[in-house]
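Structure first, commentary second.
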Amino acid sequence: MSQTNIKHYPCYINGEWLDSSVREIIEVENPVDNEVFATVTSCTKEDVQHALETSEKAQKPWELTPANTRAQHIYEIANKLKAEREHFAKLLVMEQGKTYPEALGEVDDTVTYMTYSAEAARRIQGAIFPAEAANKRLSIYKVPYGVTVGLCAFNYPLALIGRKVGPALATGNTMIIKPHELTPITASEFCRLIDESSLPRGVINMVSTKTADAASLLVESPITKLISLTGSTRAGRAMYRAAAENITGLILELGGKAPFIVCEDADIDKAVEAAVISRYANCGQVCICNEMVFVDEKIAEEFTEKVVKRTQQIKVGDPFDASVSMGPNVSTFGLDRVDDLVKQNIEQGAELLLGGGRPEGAYFEKGNWYTPTILGNVKGDGATVSQELFAPVMPIVSVGGFEEAVALANDREEGLSAYLYSNDYRVHQRAIDTMEVGTIFINQQIIGNIQGYHSGHKTSGIAGEDGIYGIDHYLQKRTIYLNYE
């Protein structure tokens, strides 16, 4: 397995790397073996205030920079990232645990997020409407919020930066990046690219911290005008409270519990393949992953047998090994929680069909490992169905048909995504009309296009990311009534 020497990364504020002996450090573990391979500075409250003030100072000149010039800066950063594709992929494997091919894909996705935003910079549109009288004009401009904050989750430490930084910069905002404390290394390396680019100082700052008061200041400060968070529903509720005092803008992409519905008329083999890919991608750590299968009782036995056989083909191990298809989970805490849910569900009557626990062998004695797991005979209120898993566990629930599956799905508070396998176009339309989620994958495995829109309904979030709608969330409207008599 590839290794690097232990490194230390200070915080990056106003074009400078800031460090001192009084600051604590955050140790970053490799999830393969829990060995510390790097450290980062845990920023203080004073550091965060410095980041806020320098972001605010840089914002207005950045806003007044022509859009095509802002785009060129974004292209420059994206090109630097593309040139170091393999380096960043290796870092992603080491701090997050995804396989090397998945990591390469994440770097590519980050470049796409950045370049799409650069392309969009010169396409920001306002509107002109007829006025109510002669010699009058009515127009609506779109303007940036100002200082924005990007709070990134641990499952895609680099892609989430591109997903937030690209739109923020293209629209004239500045951004302070706060990576998750489990995965701050690629964020630090991304800021190295920023430091080597021609981007003006303060347009992008980064603070990593494990101090609650420092993190709170970042979102509660009146300087912060917009917060973009990818995280849990619990974190989203905290953001709502933190944003309330200053009526700060919010973009929240929160927890999900995507149902994978397989109807009686579905192509079972295609559904099986999609169910496995959509469950075990990134060790199950994707917010839109297949979290629970609702399969029609008439085909449940055949589907279950085939999905178990297909899942047995997943090879778990060294994520740098080309033959391996699933690496470790990012944290021990997450796996302990999920293992408890699996055991609870078995006590409730579920049948363990595959996996359940740590893989065998000396290689897996350390690290955050869990075998691809399948539970059968799961009830609609079973432990692995009632809570988000975010891990390689697939509960299978037998249902009486599409309507029962939708009722179970819609009865939940989350509404991020859903999957549907059926060859009946009428069922497709009923799903579009009745499913209370932001994204529906119909006869399609997990996927995401930059020109689409990624958003949650209900407690899975507000606003969203990607495409023209995602860009628009970083802009406010300013209406102009002009009298030129």
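Following the order of the structure tokens, first chain is A, next is B, and so on, with residues numbered from 1 inside each chain and ligands from 1 in the order they appear.
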> Using the chain letters and numbers from this document, which residues of range 251-444 of chain A does DSSP assign to strand (DSSP E or B), as a VMD selection string?
Replying inline: chain A and resid 251 to 253 258 to 262 290 to 296 316 326 351 to 354 373 to 376 393 to 399 414 to 415 417 to 421 439 to 442
Give me a file of those residues, with C-alpha atoms, as a PDB file, in the first residue's frame.
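So out_4.pdb came out as:
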ATOM      1  CA  ILE A 251     -28.016  25.720   1.416  1.00  0.00           C
ATOM      2  CA  LEU A 252     -28.494  22.428   3.243  1.00  0.00           C
ATOM      3  CA  GLU A 253     -27.948  18.937   1.808  1.00  0.00           C
ATOM      4  CA  ALA A 258     -33.229   6.208  -0.148  1.00  0.00           C
ATOM      5  CA  PRO A 259     -35.668   3.368  -0.846  1.00  0.00           C
ATOM      6  CA  PHE A 260     -34.818   1.022  -3.727  1.00  0.00           C
ATOM      7  CA  ILE A 261     -38.196  -0.135  -5.038  1.00  0.00           C
ATOM      8  CA  VAL A 262     -38.326  -3.233  -7.235  1.00  0.00           C
ATOM      9  CA  ASN A 290     -29.640   2.596  -1.770  1.00  0.00           C
ATOM     10  CA  GLU A 291     -30.413   2.446   1.973  1.00  0.00           C
ATOM     11  CA  MET A 292     -33.270  -0.107   1.942  1.00  0.00           C
ATOM     12  CA  VAL A 293     -34.775  -2.399  -0.688  1.00  0.00           C
ATOM     13  CA  PHE A 294     -38.562  -2.659  -1.014  1.00  0.00           C
ATOM     14  CA  VAL A 295     -39.159  -5.604  -3.333  1.00  0.00           C
ATOM     15  CA  ASP A 296     -42.495  -6.978  -4.494  1.00  0.00           C
ATOM     16  CA  VAL A 316     -12.902  -6.017   0.358  1.00  0.00           C
ATOM     17  CA  MET A 326     -14.632  -1.817  -1.503  1.00  0.00           C
ATOM     18  CA  GLU A 351     -32.245 -12.954   8.887  1.00  0.00           C
ATOM     19  CA  LEU A 352     -28.536 -12.379   8.322  1.00  0.00           C
ATOM     20  CA  LEU A 353     -28.055 -13.519   4.718  1.00  0.00           C
ATOM     21  CA  LEU A 354     -24.526 -12.236   4.200  1.00  0.00           C
ATOM     22  CA  THR A 373     -23.971  -7.218   4.618  1.00  0.00           C
ATOM     23  CA  ILE A 374     -27.494  -8.222   3.601  1.00  0.00           C
ATOM     24  CA  LEU A 375     -30.458  -8.724   5.910  1.00  0.00           C
ATOM     25  CA  GLY A 376     -33.629 -10.511   4.819  1.00  0.00           C
ATOM     26  CA  VAL A 393     -25.558  -2.908   4.918  1.00  0.00           C
ATOM     27  CA  MET A 394     -28.587  -3.714   2.725  1.00  0.00           C
ATOM     28  CA  PRO A 395     -31.910  -4.486   4.464  1.00  0.00           C
ATOM     29  CA  ILE A 396     -34.513  -6.156   2.210  1.00  0.00           C
ATOM     30  CA  VAL A 397     -38.216  -5.619   2.922  1.00  0.00           C
ATOM     31  CA  SER A 398     -40.875  -7.642   1.094  1.00  0.00           C
ATOM     32  CA  VAL A 399     -43.903  -5.512   0.140  1.00  0.00           C
ATOM     33  CA  GLU A 414     -36.271  12.315   5.019  1.00  0.00           C
ATOM     34  CA  GLY A 415     -36.825  12.993   1.339  1.00  0.00           C
ATOM     35  CA  SER A 417     -33.655  10.362  -3.173  1.00  0.00           C
ATOM     36  CA  ALA A 418     -35.299   7.120  -4.285  1.00  0.00           C
ATOM     37  CA  TYR A 419     -34.825   4.323  -6.824  1.00  0.00           C
ATOM     38  CA  LEU A 420     -37.518   2.601  -8.867  1.00  0.00           C
ATOM     39  CA  TYR A 421     -37.226  -0.433 -11.106  1.00  0.00           C
ATOM     40  CA  THR A 439     -34.275  12.885  -6.905  1.00  0.00           C
ATOM     41  CA  ILE A 440     -35.776   9.715  -8.398  1.00  0.00           C
ATOM     42  CA  PHE A 441     -33.624   7.201 -10.262  1.00  0.00           C
ATOM     43  CA  ILE A 442     -35.945   5.246 -12.579  1.00  0.00           C
TER      44      ILE A 442
END
>> Residues near Val338 in chain A, anyone? I mean within 8 Å using only C-alpha atoms, not counting same-chain ones fewer than 6 positions away, as number ranges by chain.
In response: A: 384, 389, 391
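Across A:Leu18, A:Ile462, A:Ala409, A:Leu151, the tightest approach to Glu436 in chain A is made by A:Ala409 when counting only C-alpha atoms.
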> CA of Glu27 in chain A and CA of Leu217 in chain A, how far apart in Å?
Replying inline: 22.5 Å
>> Taking the DSSP secondary structure from the backbone, can you list the residues of range 157-214 of chain A that are alpha helix (DSSP H), as a PyMOL selection string?
In response: chain A and resi 159-170+185-196+212-214
> By how many Å are CA of Glu95 in chain A and CA of Ala322 in chain A apart?
Replying inline: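 These atoms are spaced 18.2 Å apart.
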>> Would you pick out the contacts of Lys343 in chain A at 10 Å or less, using only C-alpha atoms, so that residues sharing its chain but fewer than 3 positions from it are not included, and give the list as a PyMOL selection string?
In response: chain A and resi 338-340+346-348+350+352+356-357+383-384
>> For Ser55 in chain A, find every residue with an atom within 12 Å (counting only C-alpha atoms), except residues of its own chain fewer than 5 positions away, and show them as a PyMOL selection string.
In response: chain A and resi 12-15+48-50+60-63+146-149+169+172-177+200-206+218+223-225
>> Please list as JSON, numbers by chain every residue within 10 Å of range 474-485 of chain A, counting only C-alpha atoms and excluding residues in the same chain fewer than 3 positions away.
In response: {"A": [124, 126, 127, 128, 131, 133, 134, 135, 136, 137, 138, 139, 140, 141, 142, 143, 144, 145, 146, 148, 164, 167, 168, 169, 170, 171, 172, 173, 226, 227, 228, 249, 250, 251, 465, 469, 470, 471]}
